[in-house]
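A.B. asks: First, the structure itself, so that you have it in front of you.
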Amino acid sequence: MPAESGYAFWTAERACCCPAKPAVVAVLPPAPGRDHETDLLLCGHHYRAARKALEAAGATILAEGGLLATL
């Protein structure tokens with residue numbers, strides 16, 4: 001887990017998508033136009049709604065404690 005992901009997850013009061021607490025960190029791999037990984041803190045609802053898109057993008061999903069979550 002990137003250090004930033006772990007820190008952000010443990011200290012974040014809200015997800016990137018809404019005011020809810022984050023349930024997972026979606027780590028998106030580099031892509032055209034973005035040469036670095038990008039972390040998204042997602043609440044449970046938005047994670048479930050975006051699972052297929054995250055899988056298609058090749059995202060790694062991390063649960064609390066840095067454990068891999070299943071898509």
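Letters A, B, ... go to the chains of the structure tokens in the order shown; residues in each chain start at 1; ligands are counted from 1 in the same order.
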Show which residues sit within 9 Å of Ala69 (chain A), as a PyMOL selection string. Count only C-alpha atoms, and ignore same-chain residues fewer than 3 positions away.

C.D. replies: chain A and resi 24+60-63+66

A.B. asks: Do you know which residues are at most 12 Å from Cys18 (chain A) counting only C-alpha atoms, after dropping those on the same chain fewer than 5 positions away, and could you put them as a list in words?

C.D. replies: Ala12, Glu13, Ala23, Leu40, Leu41, Leu42, Cys43, Gly44, His45, His46 and Tyr47 of chain A

A.B. asks: Given the selection you just returned, output its residues as a file containing N, CA and C atoms, formatted as a compact mmCIF listing (two decimals), in the first residue's frame.

C.D. replies:
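Saved as out.txt:
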```
# COMPACT_ATOMS: atom_id res chain seq x y z
N ALA A 12 -8.71 10.32 7.29
CA ALA A 12 -9.77 10.99 6.54
C ALA A 12 -11.10 10.96 7.29
N GLU A 13 -11.75 12.08 7.32
CA GLU A 13 -13.07 12.15 7.93
C GLU A 13 -14.18 11.93 6.91
N ALA A 23 -14.67 3.74 3.09
CA ALA A 23 -14.73 2.30 3.37
C ALA A 23 -13.55 1.58 2.73
N LEU A 40 -8.17 7.00 -4.44
CA LEU A 40 -9.52 7.50 -4.23
C LEU A 40 -10.07 6.88 -2.95
N LEU A 41 -10.52 7.70 -2.04
CA LEU A 41 -11.16 7.21 -0.83
C LEU A 41 -12.66 7.13 -1.11
N LEU A 42 -13.19 5.92 -1.12
CA LEU A 42 -14.59 5.73 -1.48
C LEU A 42 -15.40 5.21 -0.30
N CYS A 43 -16.61 5.74 -0.17
CA CYS A 43 -17.55 5.20 0.81
C CYS A 43 -18.05 3.86 0.27
N GLY A 44 -18.71 3.09 1.10
CA GLY A 44 -19.21 1.78 0.69
C GLY A 44 -20.17 1.85 -0.47
N HIS A 45 -21.10 2.80 -0.45
CA HIS A 45 -22.09 2.93 -1.51
C HIS A 45 -21.44 3.24 -2.85
N HIS A 46 -20.56 4.22 -2.88
CA HIS A 46 -19.92 4.59 -4.14
C HIS A 46 -18.93 3.54 -4.62
N TYR A 47 -18.32 2.83 -3.69
CA TYR A 47 -17.45 1.71 -4.08
C TYR A 47 -18.27 0.64 -4.79
```

A.B. asks: Here is a test: counting only C-alpha atoms, which residue of A:Asp39, A:Gly33, A:Leu28, A:Cys16 is nearest to Ala56 (chain A)?

C.D. replies: A:Leu28

A.B. asks: Could you give me the residues within region 2-69 of chain A that DSSP places in strand (DSSP E or B), as a PyMOL selection string?

C.D. replies: chain A and resi 24-28+31+34+38-42+60-62+68

A.B. asks: Quick one: pull the distance between CA of Ala31 (chain A) and CA of Pro19 (chain A), Å, one decimal.

C.D. replies: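 Answer for the CA of Ala31 (chain A) to CA of Pro19 (chain A) separation: 27.4 Å.
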
A.B. asks: DSSP on the backbone: what in region 2-59 of chain A comes out alpha helix (DSSP H), as a PyMOL selection string?

C.D. replies: chain A and resi 3-11+44-56

A.B. asks: For Gly58 (chain A), please output as a ChimeraX atom specification all residues within 9 Å (counting only C-alpha atoms; exclusion window: fewer than 4 positions along the same chain).

C.D. replies: /A:27-29,53-54

A.B. asks: Keeping only N, CA and C atoms, write the selected residues as a PDB file, in the first residue's frame.

C.D. replies:
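Final output, saved to again-v7.pdb:
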```
ATOM      1  N   VAL A  27      -6.799   2.317  -5.516  1.00  0.00           N
ATOM      2  CA  VAL A  27      -5.534   2.811  -6.049  1.00  0.00           C
ATOM      3  C   VAL A  27      -5.563   2.574  -7.554  1.00  0.00           C
ATOM      4  N   LEU A  28      -5.703   3.657  -8.291  1.00  0.00           N
ATOM      5  CA  LEU A  28      -5.756   3.574  -9.753  1.00  0.00           C
ATOM      6  C   LEU A  28      -4.342   3.599 -10.305  1.00  0.00           C
ATOM      7  N   PRO A  29      -4.035   2.700 -11.253  1.00  0.00           N
ATOM      8  CA  PRO A  29      -2.684   2.672 -11.816  1.00  0.00           C
ATOM      9  C   PRO A  29      -2.451   3.878 -12.739  1.00  0.00           C
ATOM     10  N   ALA A  53     -16.286  -0.378 -13.035  1.00  0.00           N
ATOM     11  CA  ALA A  53     -15.392   0.613 -13.633  1.00  0.00           C
ATOM     12  C   ALA A  53     -14.000   0.544 -13.006  1.00  0.00           C
ATOM     13  N   LEU A  54     -13.947   0.332 -11.701  1.00  0.00           N
ATOM     14  CA  LEU A  54     -12.652   0.203 -11.024  1.00  0.00           C
ATOM     15  C   LEU A  54     -11.909  -1.035 -11.513  1.00  0.00           C
TER      16      LEU A  54
END
```
